[in-house]
Every structure is written in structure tokens, then in C-alpha cells.
file entry-v1.csv (CSV, C-alpha atoms)
chain,number,residue,atom,x,y,z
A,496,MET,CA,28.1,39.0,-37.5
A,497,SER,CA,28.8,35.8,-39.4
A,498,ASN,CA,29.3,35.8,-43.1
A,499,LEU,CA,25.6,34.8,-43.6
A,500,ASP,CA,24.0,37.2,-41.2
A,501,VAL,CA,23.4,39.8,-43.8
A,502,LEU,CA,20.8,37.5,-45.4
A,503,PHE,CA,18.7,37.8,-42.2
A,504,THR,CA,18.5,41.6,-42.1
A,505,PRO,CA,15.2,43.3,-43.2
A,506,VAL,CA,14.9,45.5,-46.2
A,507,SER,CA,12.1,47.5,-47.9
A,508,LEU,CA,11.1,46.7,-51.5
A,509,GLY,CA,9.0,49.8,-52.3
A,510,ASP,CA,6.1,49.9,-49.9
A,511,VAL,CA,6.7,46.3,-48.7
A,512,GLU,CA,9.0,45.6,-45.8
A,513,ILE,CA,10.4,42.1,-45.8
A,514,ALA,CA,12.1,40.3,-42.9
A,515,ASN,CA,15.1,38.9,-44.7
A,516,ARG,CA,17.0,38.8,-48.0
A,517,PHE,CA,15.7,35.4,-49.2
A,518,VAL,CA,13.2,35.6,-52.0
A,519,MET,CA,11.4,32.7,-53.5
A,520,ALA,CA,11.9,32.9,-57.3
A,521,PRO,CA,8.8,32.4,-59.5
A,522,LEU,CA,8.7,28.7,-60.5
A,523,THR,CA,6.3,27.1,-62.9
A,524,ARG,CA,4.8,24.1,-61.1
A,525,CYS,CA,1.7,23.1,-63.1
A,526,ARG,CA,-0.7,22.3,-60.2
A,527,ALA,CA,-3.5,24.7,-61.2
A,528,ILE,CA,-6.0,22.3,-62.8
A,529,ASP,CA,-8.2,24.1,-65.3
A,530,HIS,CA,-6.1,27.2,-64.5
A,531,LEU,CA,-7.7,27.6,-61.1
A,532,PRO,CA,-5.5,28.3,-58.0
A,533,ASN,CA,-6.4,25.8,-55.3
A,534,ALA,CA,-5.8,24.7,-51.7
A,535,LEU,CA,-2.8,22.6,-52.6
A,536,MET,CA,-1.1,25.7,-54.1
A,537,ALA,CA,-1.9,27.7,-51.0
A,538,GLU,CA,-0.2,25.0,-48.8
A,539,TYR,CA,2.9,25.0,-51.1
A,540,TYR,CA,3.4,28.7,-51.0
A,541,SER,CA,2.6,29.1,-47.3
A,542,GLN,CA,5.2,26.4,-46.5
A,543,ARG,CA,7.8,28.7,-47.9
A,544,ALA,CA,6.6,31.9,-46.2
A,545,SER,CA,9.7,32.2,-44.1
A,546,ALA,CA,11.4,33.6,-47.1
A,547,GLY,CA,11.3,37.4,-47.0
A,548,LEU,CA,9.2,37.5,-50.1
A,549,VAL,CA,7.4,34.7,-52.1
A,550,ILE,CA,6.8,35.3,-55.8
A,551,THR,CA,4.3,33.1,-57.4
A,552,GLU,CA,4.6,31.1,-60.6
A,553,CYS,CA,3.8,33.0,-63.9
A,554,THR,CA,0.1,33.7,-63.9
A,555,MET,CA,-2.0,34.4,-67.1
A,556,VAL,CA,-3.4,37.9,-67.5
A,557,THR,CA,-6.0,36.7,-70.0
A,558,GLU,CA,-7.6,33.4,-71.2
A,559,ALA,CA,-6.3,31.1,-73.9
A,560,THR,CA,-2.6,32.0,-73.3
A,561,SER,CA,-1.4,28.9,-71.5
A,562,ALA,CA,2.1,27.7,-72.2
A,563,PHE,CA,2.1,24.7,-69.8
A,564,GLY,CA,-1.4,23.3,-69.6
A,565,ASN,CA,-2.0,23.7,-65.8
A,566,ASP,CA,-0.7,27.2,-65.3
A,567,PRO,CA,-2.9,29.5,-63.2
A,568,GLY,CA,-4.7,32.7,-64.3
A,569,VAL,CA,-6.0,35.8,-62.6
A,570,TYR,CA,-8.5,37.0,-65.2
A,571,SER,CA,-11.7,35.6,-63.7
A,572,ALA,CA,-13.6,36.1,-60.5
A,573,GLU,CA,-13.2,32.4,-59.7
A,574,GLN,CA,-9.5,32.6,-60.1
A,575,VAL,CA,-9.3,35.6,-57.8
A,576,GLU,CA,-11.3,33.7,-55.2
A,577,GLY,CA,-8.9,30.8,-55.5
A,578,TRP,CA,-5.8,33.0,-55.1
A,579,LYS,CA,-7.3,34.5,-51.9
A,580,GLN,CA,-6.4,31.1,-50.2
A,581,THR,CA,-2.8,31.5,-51.1
A,582,ALA,CA,-2.4,35.1,-50.0
A,583,ALA,CA,-4.2,34.5,-46.7
A,584,ALA,CA,-2.1,31.3,-46.0
A,585,VAL,CA,1.2,33.1,-46.6
A,586,HIS,CA,0.1,36.1,-44.5
A,587,ALA,CA,-1.0,33.8,-41.7
A,588,LYS,CA,2.6,32.5,-41.5
A,589,GLY,CA,3.9,36.1,-41.4
A,590,GLY,CA,5.1,36.1,-45.0
A,591,LYS,CA,4.8,38.6,-48.0
A,592,ILE,CA,3.8,37.5,-51.4
A,593,PHE,CA,3.8,39.0,-55.0
A,594,MET,CA,2.0,37.5,-57.9
A,595,GLN,CA,4.0,37.3,-61.2
A,596,ILE,CA,1.7,38.3,-64.0
A,597,TRP,CA,2.4,37.1,-67.5
A,598,HIS,CA,1.4,36.7,-71.2
A,599,ALA,CA,3.1,33.8,-72.9
A,600,GLY,CA,2.9,35.2,-76.4
A,601,ARG,CA,4.3,32.8,-79.0
A,602,ALA,CA,4.9,30.2,-76.2
A,603,ALA,CA,1.2,29.5,-76.0
A,604,HIS,CA,0.4,26.5,-78.3
A,605,PRO,CA,-3.0,26.3,-79.9
A,606,LEU,CA,-3.4,22.7,-78.6
A,607,LEU,CA,-3.2,24.0,-75.1
A,608,ASN,CA,-5.7,26.9,-75.8
A,609,GLY,CA,-8.7,25.5,-77.5
A,610,GLY,CA,-7.2,26.1,-80.9
A,611,LYS,CA,-6.5,29.8,-80.5
A,612,GLU,CA,-3.5,30.9,-82.4
A,613,ALA,CA,-0.4,32.2,-80.7
A,614,VAL,CA,0.6,35.9,-81.0
A,615,SER,CA,3.8,37.7,-80.7
A,616,ALA,CA,5.7,40.8,-81.8
A,617,SER,CA,6.5,39.2,-85.1
A,618,ALA,CA,5.6,36.0,-87.0
A,619,ILE,CA,8.6,34.0,-85.8
A,620,ALA,CA,8.2,30.7,-84.1
A,621,ILE,CA,10.2,29.3,-81.2
A,622,GLU,CA,12.6,26.7,-82.5
A,623,ASP,CA,11.6,23.9,-80.2
A,624,GLU,CA,8.8,21.5,-79.2
A,625,VAL,CA,6.2,21.7,-76.4
A,626,HIS,CA,4.2,19.1,-74.5
A,627,THR,CA,0.6,19.2,-75.6
A,628,PRO,CA,-2.4,16.9,-75.1
A,629,GLU,CA,-1.4,15.3,-78.4
A,630,GLY,CA,2.2,14.7,-77.4
A,631,LYS,CA,5.2,16.9,-78.1
A,632,LYS,CA,4.6,19.2,-81.0
A,633,PRO,CA,6.6,22.0,-82.7
A,634,TYR,CA,5.7,25.5,-81.6
A,635,THR,CA,3.5,27.2,-84.2
A,636,VAL,CA,4.3,30.4,-86.1
A,637,PRO,CA,2.6,33.2,-84.2
A,638,ARG,CA,0.6,36.0,-85.7
A,639,ALA,CA,2.1,39.4,-85.2
A,640,LEU,CA,-0.1,41.5,-83.0
A,641,THR,CA,-1.9,44.6,-84.2
A,642,LYS,CA,-1.6,47.9,-82.4
A,643,ASP,CA,-5.2,47.6,-81.2
A,644,GLU,CA,-4.4,44.2,-79.8
A,645,ILE,CA,-1.3,45.5,-78.0
A,646,ALA,CA,-3.4,48.1,-76.4
A,647,SER,CA,-5.9,45.5,-75.2
A,648,ILE,CA,-3.1,43.3,-73.7
A,649,VAL,CA,-1.8,46.4,-71.8
A,650,GLN,CA,-5.3,46.6,-70.2
A,651,ASP,CA,-5.2,42.8,-69.5
A,652,PHE,CA,-2.0,43.5,-67.4
A,653,ARG,CA,-3.8,46.4,-65.6
A,654,ARG,CA,-6.7,44.2,-64.8
A,655,ALA,CA,-4.5,41.4,-63.6
A,656,ALA,CA,-2.6,43.7,-61.2
A,657,ALA,CA,-5.9,45.0,-59.8
A,658,ASN,CA,-7.2,41.4,-59.4
A,659,ALA,CA,-4.0,40.4,-57.6
A,660,ILE,CA,-4.4,43.1,-55.0
A,661,SER,CA,-8.1,42.2,-54.7
A,662,ALA,CA,-7.0,38.6,-53.9
A,663,GLY,CA,-4.9,40.0,-51.0
A,664,PHE,CA,-1.4,40.0,-52.6
A,665,ASP,CA,1.2,42.5,-51.4
A,666,GLY,CA,2.2,43.4,-55.0
A,667,ILE,CA,2.9,42.0,-58.4
A,668,GLU,CA,5.9,41.2,-60.6
A,669,VAL,CA,5.6,41.9,-64.3
A,670,HIS,CA,7.2,39.0,-66.2
A,671,GLY,CA,9.4,40.5,-68.8
A,672,ALA,CA,11.8,37.6,-69.1
A,673,ASN,CA,12.5,34.2,-70.6
A,674,GLY,CA,11.1,34.6,-74.0
A,675,TYR,CA,7.5,35.4,-73.2
A,676,LEU,CA,5.5,38.2,-74.7
A,677,ILE,CA,7.1,41.3,-73.2
A,678,ASP,CA,10.5,39.8,-73.8
A,679,GLN,CA,9.5,38.9,-77.4
A,680,PHE,CA,9.1,42.6,-78.0
A,681,LEU,CA,12.2,43.6,-76.0
A,682,ARG,CA,14.8,41.5,-77.8
A,683,ASP,CA,15.6,41.8,-81.4
A,684,LYS,CA,15.8,38.2,-82.4
A,685,ALA,CA,12.1,37.8,-81.8
A,686,ASN,CA,11.0,41.4,-82.8
A,687,GLN,CA,11.4,42.4,-86.4
A,688,ARG,CA,8.5,44.9,-86.5
A,689,THR,CA,8.8,48.1,-88.6
A,690,ASP,CA,6.3,50.1,-86.7
A,691,GLU,CA,6.6,52.1,-83.4
A,692,TYR,CA,7.0,48.8,-81.5
A,693,GLY,CA,10.0,47.5,-83.5
A,694,GLY,CA,13.4,48.5,-84.6
A,695,PRO,CA,15.4,50.6,-82.1
A,696,LEU,CA,15.4,49.6,-78.5
A,697,GLU,CA,13.3,52.5,-77.4
A,698,ASN,CA,10.6,51.2,-79.7
A,699,ARG,CA,11.0,47.5,-78.6
A,700,ALA,CA,10.6,48.6,-75.0
A,701,ARG,CA,7.4,50.5,-75.7
A,702,LEU,CA,5.1,47.6,-74.7
A,703,LEU,CA,7.0,47.1,-71.4
A,704,PHE,CA,6.8,50.7,-70.5
A,705,GLU,CA,3.1,50.9,-71.4
A,706,VAL,CA,2.4,47.8,-69.2
A,707,LEU,CA,4.4,49.4,-66.3
A,708,GLU,CA,2.5,52.7,-66.7
A,709,ALA,CA,-0.8,50.8,-66.6
A,710,VAL,CA,-0.1,48.6,-63.6
A,711,THR,CA,1.6,51.3,-61.6
A,712,ALA,CA,-1.3,53.7,-62.2
A,713,GLU,CA,-3.6,50.9,-61.0
A,714,ILE,CA,-1.9,49.7,-57.8
A,715,GLY,CA,1.0,52.1,-57.1
A,716,SER,CA,4.5,51.8,-58.5
A,717,ARG,CA,6.0,50.7,-55.1
A,718,ARG,CA,4.0,47.5,-55.2
A,719,VAL,CA,5.3,46.5,-58.7
A,720,GLY,CA,8.4,44.6,-59.5
A,721,LEU,CA,9.8,43.6,-62.9
A,722,ARG,CA,11.8,40.5,-64.0
A,723,LEU,CA,14.2,40.7,-67.0
A,724,SER,CA,16.6,38.1,-68.5
A,725,PRO,CA,19.1,40.0,-70.8
A,726,LEU,CA,21.1,36.8,-71.5
A,727,ASN,CA,18.8,33.9,-71.3
A,728,SER,CA,18.3,32.1,-74.7
A,729,PHE,CA,15.4,30.0,-73.4
A,730,ASN,CA,12.5,30.0,-75.9
A,731,SER,CA,14.9,30.9,-78.8
A,732,MET,CA,15.7,34.3,-77.5
A,733,ALA,CA,18.7,36.6,-78.0
A,734,ASP,CA,19.6,40.2,-78.4
A,735,SER,CA,22.4,41.6,-80.5
A,736,ASP,CA,23.5,43.9,-77.7
A,737,PRO,CA,22.5,42.6,-74.3
A,738,MET,CA,24.8,44.9,-72.4
A,739,GLY,CA,23.6,48.0,-74.1
A,740,TRP,CA,20.0,46.6,-73.7
A,741,MET,CA,20.6,46.2,-69.9
A,742,GLN,CA,22.0,49.7,-69.6
A,743,TYR,CA,19.2,51.3,-71.5
A,744,LEU,CA,16.4,49.5,-69.6
A,745,ALA,CA,18.1,50.0,-66.2
A,746,THR,CA,18.3,53.7,-66.8
A,747,GLU,CA,14.8,54.1,-68.2
A,748,LEU,CA,13.2,52.1,-65.4
A,749,ASN,CA,14.3,54.7,-62.8
A,750,ARG,CA,11.4,56.9,-63.7
A,751,PHE,CA,8.9,54.2,-62.5
A,752,ASP,CA,10.0,54.1,-58.8
A,753,LEU,CA,9.4,50.3,-58.8
A,754,ALA,CA,9.5,48.0,-55.7
A,755,TYR,CA,12.4,46.2,-57.4
A,756,LEU,CA,14.1,45.2,-60.6
A,757,HIS,CA,14.7,41.4,-60.8
A,758,VAL,CA,17.6,40.4,-63.1
A,759,MET,CA,18.5,36.9,-64.1
A,760,ARG,CA,22.3,36.9,-64.4
A,761,ALA,CA,23.0,34.2,-66.9
A,762,ASP,CA,21.8,32.0,-69.8
A,763,PHE,CA,20.2,28.6,-69.1
A,764,PHE,CA,22.1,27.2,-72.1
A,765,GLY,CA,25.4,29.1,-71.7
A,766,ILE,CA,25.1,30.6,-75.2
A,767,GLN,CA,25.2,34.3,-74.3
A,768,SER,CA,27.4,35.8,-71.6
A,769,GLY,CA,28.2,39.2,-70.0
A,770,ASP,CA,28.3,40.9,-66.6
A,771,VAL,CA,24.8,42.3,-66.8
A,772,LEU,CA,24.4,42.6,-63.0
A,773,THR,CA,27.2,45.1,-62.8
A,774,VAL,CA,25.5,47.2,-65.5
A,775,ALA,CA,22.2,46.9,-63.8
A,776,ARG,CA,23.6,48.0,-60.4
A,777,GLU,CA,25.4,50.9,-62.0
A,778,TYR,CA,22.5,52.4,-63.9
A,779,TYR,CA,19.4,51.3,-61.8
A,780,ASN,CA,18.8,53.4,-58.7
A,781,GLY,CA,16.3,51.2,-57.0
A,782,GLN,CA,16.3,47.9,-55.2
A,783,LEU,CA,18.0,45.1,-57.2
A,784,MET,CA,17.0,41.5,-57.0
A,785,VAL,CA,19.3,38.9,-58.6
A,786,ASN,CA,18.8,35.3,-59.5
A,787,MET,CA,20.2,32.1,-61.0
A,788,GLY,CA,22.3,29.6,-59.2
A,789,TYR,CA,23.3,31.4,-56.0
A,790,SER,CA,24.4,29.5,-53.0
A,791,PRO,CA,23.6,31.1,-49.6
A,792,GLU,CA,27.3,31.9,-49.3
A,793,GLU,CA,27.5,33.7,-52.7
A,794,ALA,CA,24.2,35.4,-52.0
A,795,ALA,CA,25.5,36.8,-48.7
A,796,ALA,CA,28.7,37.9,-50.3
A,797,THR,CA,26.7,39.7,-53.0
A,798,VAL,CA,24.5,41.5,-50.6
A,799,ALA,CA,27.4,42.4,-48.3
A,800,ALA,CA,29.3,43.9,-51.2
A,801,ASN,CA,26.3,46.0,-52.2
A,802,LYS,CA,26.1,44.3,-55.6
A,803,ALA,CA,22.4,43.5,-55.0
A,804,ASP,CA,19.8,44.0,-52.3
A,805,VAL,CA,18.0,40.6,-52.3
A,806,VAL,CA,18.6,37.2,-53.9
A,807,ALA,CA,15.9,35.0,-55.4
A,808,PHE,CA,16.3,31.3,-54.9
A,809,GLY,CA,14.6,28.8,-57.1
A,810,THR,CA,15.2,25.1,-56.6
A,811,GLY,CA,16.7,25.8,-53.2
A,812,LEU,CA,13.4,27.0,-51.9
A,813,LEU,CA,11.4,24.5,-54.0
A,814,ALA,CA,13.2,21.6,-52.2
A,815,ASN,CA,13.7,23.3,-48.8
A,816,PRO,CA,10.5,25.1,-47.7
A,817,ASP,CA,12.4,26.2,-44.6
A,818,LEU,CA,15.5,27.3,-46.4
A,819,PRO,CA,16.3,30.4,-44.3
A,820,GLU,CA,16.1,28.3,-41.1
A,821,ARG,CA,18.3,25.6,-42.6
A,822,VAL,CA,20.9,28.2,-43.7
A,823,LYS,CA,20.9,29.8,-40.2
A,824,ALA,CA,21.3,26.5,-38.5
A,825,GLY,CA,23.9,25.2,-41.0
A,826,ALA,CA,21.7,22.2,-41.7
A,827,GLU,CA,21.9,19.9,-44.6
A,828,LEU,CA,19.7,20.8,-47.6
A,829,ASN,CA,17.1,18.6,-49.3
A,830,THR,CA,17.9,17.6,-52.9
A,831,PRO,CA,15.4,18.7,-55.5
A,832,ASN,CA,13.7,16.1,-57.7
A,833,PRO,CA,13.4,17.4,-61.3
A,834,ASP,CA,11.1,14.5,-62.2
A,835,THR,CA,8.3,16.1,-60.1
A,836,PHE,CA,8.9,19.8,-61.0
A,837,TYR,CA,6.0,19.8,-63.5
A,838,SER,CA,3.9,16.8,-62.4
A,839,SER,CA,0.7,16.8,-60.5
A,840,GLY,CA,-0.3,16.3,-56.8
A,841,VAL,CA,1.7,16.5,-53.6
A,842,GLU,CA,4.8,14.5,-54.7
A,843,GLY,CA,7.8,16.8,-55.1
A,844,TYR,CA,5.5,19.8,-54.2
A,845,THR,CA,4.3,19.9,-50.6
A,846,ASP,CA,6.1,16.7,-49.3
A,847,TYR,CA,9.7,18.0,-49.0
A,848,PRO,CA,10.6,17.6,-45.3
A,849,PHE,CA,11.2,20.4,-43.0
A,850,MET,CA,14.4,20.5,-41.0
A,851,ASN,CA,12.7,19.5,-37.7
A,852,ALA,CA,10.2,17.1,-39.2
call {"tool": "encode", "arguments": {"input": "entry-v1.csv", "output": "C-alpha cells"}}
result
Amino acid sequence: MSNLDVLFTPVSLGDVEIANRFVMAPLTRCRAIDHLPNALMAEYYSQRASAGLVITECTMVTEATSAFGNDPGVYSAEQVEGWKQTAAAVHAKGGKIFMQIWHAGRAAHPLLNGGKEAVSASAIAIEDEVHTPEGKKPYTVPRALTKDEIASIVQDFRRAAANAISAGFDGIEVHGANGYLIDQFLRDKANQRTDEYGGPLENRARLLFEVLEAVTAEIGSRRVGLRLSPLNSFNSMADSDPMGWMQYLATELNRFDLAYLHVMRADFFGIQSGDVLTVAREYYNGQLMVNMGYSPEEAAATVAANKADVVAFGTGLLANPDLPERVKAGAELNTPNPDTFYSSGVEGYTDYPFMNA
């Protein structure tokens, strides 16, 4: 067995058996015009079906919560029909696919959502600007959610999970990372509530646990994954104790019997640091997916050392639809073009060449 062979061994993620340890990380691509999944998206995801598991971009669980303008949703019958193209196309290539479901919270700007105000755990704005139809604008101060609204959002996640399965997906990933709504409750820089959803970590985690209880009751726990980012400061996020945060959540998540826990190991901006993956591996008993900047060689060494079970690749699979085949063959990799990450159309989306093209 070569050093990379471990990446080509099958593994079970809950009820879903995948053929190899390559996972396509969720990547925002902004090709869902009017928030509708389409044939171009189906082509993009199916091109990458040789990864053991494909995870879609973040997908809105309810209307008027767009953070990017052309992000897809899964709250309408038309959207479910659109997503059926993607699920069928990936399955036709022998792949497996999970939908990442998501509420943007305070990252949803009113100018992207028909004037609807943003909501969050607390009335604290992201300290940055966002692209809107009127140019770059500062994020607005969100309105703190009421308890009744929180209960409604939990049901939005439940409905989104059911809709994903109706569209033919193998499972869903709950987006609890990167400064979006669930993360806004989880980390104490964004959550300064004084009710049962704020204060100590067990309260700040209440929304996450309520969402997991709802979606696992709806579709079964072993078709549900969760993504967390204990260190990432994107969207003005931080926590006063990320290591203790990771230990608590990893321990508590054991009671859900999830398909996997997906942990981002670092901070995009290098502000926060810590070995959160070692903590996650020690305290979480299920399958661990890791992410952020892994080369195939480091990924193989990580799996071989039993530090994780699968590795999610972002730009590597974005630019190399046949990444597993290229790695196996020792072939040169395509270079990703950041200028087209969030543009429209096929350029930088479905036109990256395959190895044997």
C-alpha cells in the first residue's frame, strides 16, 4: 500500500457507505439565479461525483435569508424540483451527496432580501461590508430573535431536511460554522443574550441541539452531519474558550449518533489558534471529517494515523473535478481561479479540465 492508498478505502458515514475518503467541502458558488437550483449546478456537482461524498453549498432553509444574492434555497416546491436534477446527476455517476442546510442570520443583508431585516442571537452587527445590488454596504445591526421565532426557525430546518430527502439527497449537513445563525448562538462574541439561549455554553448550544433533534427526528440521525468552526473568525466571530467549546460540543454530540462531525481546523485570518482537532477526536466518538488546507499527502497521513476518518477538500475539488483520479495517477493539479469563485455562468465552474480531456 502506498502512502496515499488509505484515501481510496471505503468508509461508512452513518447509514451512507462512501467509496473513498475524499469529500467535496461545501463551497458557496452563487450560480442559483433567483435562488433556484438549475441544470448548470447539477452538471457541476456531478462532475465531482468521484469524491466519496459531495456536500453542496449552503442552502437556505427559509426565504429572505440570502447572504450572497444567488444562493440556493430548499424551502419551496420549485426548489425541491430543481435540486432533484443535482441528486439524480450525482447518483448517475455513482456518487453520494448531502445538502448543507443553513440560515445566514445577521449575514443576510436587507438589500439582498427585499428589505427584510437581519436577525441573530443578539443585536450585534458583523464588522465588515457585503456586496449588494447597490454596491458594497456595511452589514446592518440585526434584531435579536424572540423565543417564538427561534422555535419557528427550528421547524424551518426540519422542513429543509425533509425537502432534501424528497429531492433525492442521501443526507444533510447542518451548517453550524463560519458565523452564520447557529454559530452566532454558539460563540460568545456574537451571543450576549440573558435568557435560556445565552450565557453559559449549554445555553448557547440550545439552538443547535434543538435543530439536531428536529432534523434527526425527521430523517434519521445517521443521515445528518454537522459542520463546526471553533476557531474561524470569519464574519466577526470568536469565542473566549474555543478549546473548552470544542470539548463540550464534541462530548454532547455523541448522544445524537450523527453520520459525522465536520470540523474546520483553523481560522481563515489566523487570529485564533489551537489544536481543536485533537480535542474533537478525543471526545467525539463518531466519524470525524476534517477540513482546511489539506494536501492529499497530509490527508492520507491524517487518516492513516486515525486522527480523522475523512477529509473535505475545497478548492482542490473546485478546480479538479476528478481530484481522486488525479491523486491516484500522480497527475498535475489544475490551479483554481479565485476571480470566478462567485461569478456567474460556466467559467471557473464547469470548465475546469479533466485529466484525460
call {"tool": "residues_around", "arguments": {"input": "entry-v1.csv", "residues": "Arg701 in chain A", "least_positions_apart": "5", "cutoff": "10 Å", "atoms": "only C-alpha atoms", "output": "list in words"}}
result
Ile677, Phe680, Leu681, Glu691, Tyr692, Gly693, Leu696, Val706 and Leu707 of chain A
call {"tool": "atom_distance", "arguments": {"input": "entry-v1.csv", "atom1": "CA of Lys588 in chain A", "atom2": "CA of Ile513 in chain A"}}
result
13.1 Å
call {"tool": "residues_near_point", "arguments": {"input": "entry-v1.csv", "point": "(-1.5, 31.2, -74.3)", "cutoff": "9 Å", "atoms": "all atoms listed in the file", "output": "list in words"}}
result
Met555, Thr557, Glu558, Ala559, Thr560, Ser561, Ala562, Phe563, His598, Ala599, Gly600, Arg601, Ala602, Ala603, His604, Pro605, Leu607, Asn608, Lys611, Glu612, Ala613 and Val614 of chain A
call {"tool": "residues_near_point", "arguments": {"input": "entry-v1.csv", "point": "(27.4, 36.9, -46.1)", "cutoff": "8 Å", "atoms": "all atoms listed in the file", "output": "PyMOL selection string"}}
result
chain A and resi 497-502+791-799
call {"tool": "residues_around", "arguments": {"input": "entry-v1.csv", "residues": "Met536 in chain A", "least_positions_apart": "4", "cutoff": "10 Å", "atoms": "all atoms listed in the file", "output": "list in words"}}
result
Arg524, Cys525, Arg526, Ala527, Leu531, Pro532, Tyr540, Ser541, Gln542, Thr551, Gly577, Trp578, Gln580, Thr581, Ala584, Gly840, Val841, Tyr844 and Thr845 of chain A
call {"tool": "closest_residue", "arguments": {"input": "entry-v1.csv", "among": "A:Gly694, A:Pro848, A:Gly843, A:Gly663", "to": "Ala583 in chain A", "atoms": "only C-alpha atoms"}}
result
A:Gly663
call {"tool": "residues_around", "arguments": {"input": "entry-v1.csv", "residues": "Arg776 in chain A", "least_positions_apart": "3", "cutoff": "12 Å", "atoms": "only C-alpha atoms", "output": "list in words"}}
result
Met741, Gln742, Leu744, Ala745, Thr746, Asn749, Tyr755, Leu756, His757, Val758, Arg760, Asp770, Val771, Leu772, Thr773, Tyr779, Asn780, Gly781, Gln782, Leu783, Met784, Val785, Thr797, Val798, Ala800, Asn801, Lys802, Ala803 and Asp804 of chain A
call {"tool": "atom_distance", "arguments": {"input": "entry-v1.csv", "atom1": "CA of Leu828 in chain A", "atom2": "CA of Glu538 in chain A"}}
result
20.4 Å
call {"tool": "closest_residue", "arguments": {"input": "entry-v1.csv", "among": "A:Val585, A:Ala709, A:Ala775, A:Ala646", "to": "Gly547 in chain A", "atoms": "all atoms listed in the file"}}
result
A:Val585
call {"tool": "residues_around", "arguments": {"input": "entry-v1.csv", "residues": "Asn829 in chain A", "least_positions_apart": "3", "cutoff": "10 Å", "atoms": "all atoms listed in the file", "output": "PyMOL selection string"}}
result
chain A and resi 810-816+818+821+826+832+847-850
call {"tool": "atom_distance", "arguments": {"input": "entry-v1.csv", "atom1": "CA of Gly610 in chain A", "atom2": "CA of Gly568 in chain A"}}
result
18.0 Å
call {"tool": "closest_residue", "arguments": {"input": "entry-v1.csv", "among": "A:Ser839, A:Pro521, A:Lys684, A:Asn786", "to": "Gly564 in chain A", "atoms": "all atoms listed in the file"}}
result
A:Ser839
call {"tool": "residues_around", "arguments": {"input": "entry-v1.csv", "residues": "Ala520 in chain A", "least_positions_apart": "4", "cutoff": "8 Å", "atoms": "only C-alpha atoms", "output": "PyMOL selection string"}}
result
chain A and resi 549-551+786+807-809
call {"tool": "closest_residue", "arguments": {"input": "entry-v1.csv", "among": "A:Leu748, A:Val805, A:Ala685, A:Met787", "to": "Ala546 in chain A", "atoms": "only C-alpha atoms"}}
result
A:Val805
call {"tool": "closest_atom_pairs", "arguments": {"input": "entry-v1.csv", "of": "range 631-745 of chain A", "to": "range 506-511 of chain A", "cutoff": "9 Å", "atoms": "all atoms listed in the file", "output": "Markdown table"}}
result
| residue | atom | partner | partner_atom | distance |
| --- | --- | --- | --- | --- |
| A:Asp665 | CA | A:Val511 | CA | 7.2 |
| A:Gly666 | CA | A:Val511 | CA | 8.3 |
| A:Ser716 | CA | A:Gly509 | CA | 7.9 |
| A:Arg717 | CA | A:Gly509 | CA | 4.2 |
| A:Arg718 | CA | A:Asp510 | CA | 6.2 |
| A:Val719 | CA | A:Gly509 | CA | 8.1 |
| A:Gly720 | CA | A:Leu508 | CA | 8.7 |
call {"tool": "write_last_selection", "arguments": {"input": "entry-v1.csv", "atoms": "C-alpha atoms", "output": "tab-separated table (two decimals), in the coordinates of the input"}}
result
chain	number	residue	atom	x	y	z
A	665	ASP	CA	1.20	42.50	-51.40
A	666	GLY	CA	2.20	43.40	-55.00
A	716	SER	CA	4.50	51.80	-58.50
A	717	ARG	CA	6.00	50.70	-55.10
A	718	ARG	CA	4.00	47.50	-55.20
A	719	VAL	CA	5.30	46.50	-58.70
A	720	GLY	CA	8.40	44.60	-59.50
call {"tool": "closest_residue", "arguments": {"input": "entry-v1.csv", "among": "A:Arg516, A:Ala639, A:Ile714, A:Gly671", "to": "Thr689 in chain A", "atoms": "all atoms listed in the file"}}
result
A:Ala639
call {"tool": "decode", "arguments": {"input": "entry-v1.csv", "residues": "range 697-741 of chain A", "atoms": "C-alpha atoms", "output": "short mmCIF file (atom, residue, chain, number, x, y, z; two decimals), in the first residue's frame"}}
result
data_model
loop_
_atom_site.label_atom_id
_atom_site.label_comp_id
_atom_site.auth_asym_id
_atom_site.auth_seq_id
_atom_site.Cartn_x
_atom_site.Cartn_y
_atom_site.Cartn_z
CA GLU A 697 -25.01 24.81 27.47
CA ASN A 698 -27.48 27.64 26.81
CA ARG A 699 -25.71 28.94 23.72
CA ALA A 700 -25.77 25.40 22.29
CA ARG A 701 -29.52 25.08 22.85
CA LEU A 702 -30.47 26.18 19.31
CA LEU A 703 -28.01 23.75 17.74
CA PHE A 704 -29.31 20.86 19.82
CA GLU A 705 -32.93 21.77 19.06
CA VAL A 706 -32.14 21.83 15.33
CA LEU A 707 -30.37 18.47 15.55
CA GLU A 708 -33.25 16.95 17.49
CA ALA A 709 -35.68 18.20 14.83
CA VAL A 710 -33.77 17.08 11.73
CA THR A 711 -32.73 13.72 13.16
CA ALA A 712 -36.33 13.00 14.16
CA GLU A 713 -37.38 13.88 10.61
CA ILE A 714 -34.86 11.92 8.51
CA GLY A 715 -32.89 9.75 10.95
CA SER A 716 -29.72 10.74 12.77
CA ARG A 717 -27.42 8.63 10.61
CA ARG A 718 -28.19 10.79 7.56
CA VAL A 719 -27.26 14.01 9.37
CA GLY A 720 -23.84 15.64 9.55
CA LEU A 721 -22.79 18.84 11.33
CA ARG A 722 -20.14 21.39 10.48
CA LEU A 723 -18.43 23.49 13.18
CA SER A 724 -15.65 26.11 13.08
CA PRO A 725 -14.34 26.61 16.63
CA LEU A 726 -11.54 28.97 15.54
CA ASN A 727 -12.67 30.71 12.38
CA SER A 728 -13.06 34.48 12.88
CA PHE A 729 -14.85 34.98 9.54
CA ASN A 730 -17.97 37.15 9.95
CA SER A 731 -16.56 38.78 13.12
CA MET A 732 -16.68 35.59 15.13
CA ALA A 733 -14.75 34.47 18.20
CA ASP A 734 -15.23 32.55 21.40
CA SER A 735 -13.50 33.20 24.71
CA ASP A 736 -12.67 29.49 25.17
CA PRO A 737 -12.58 27.65 21.83
CA MET A 738 -10.89 24.57 23.25
CA GLY A 739 -13.43 24.15 26.05
CA TRP A 740 -16.16 24.91 23.49
CA MET A 741 -14.89 22.10 21.25
#
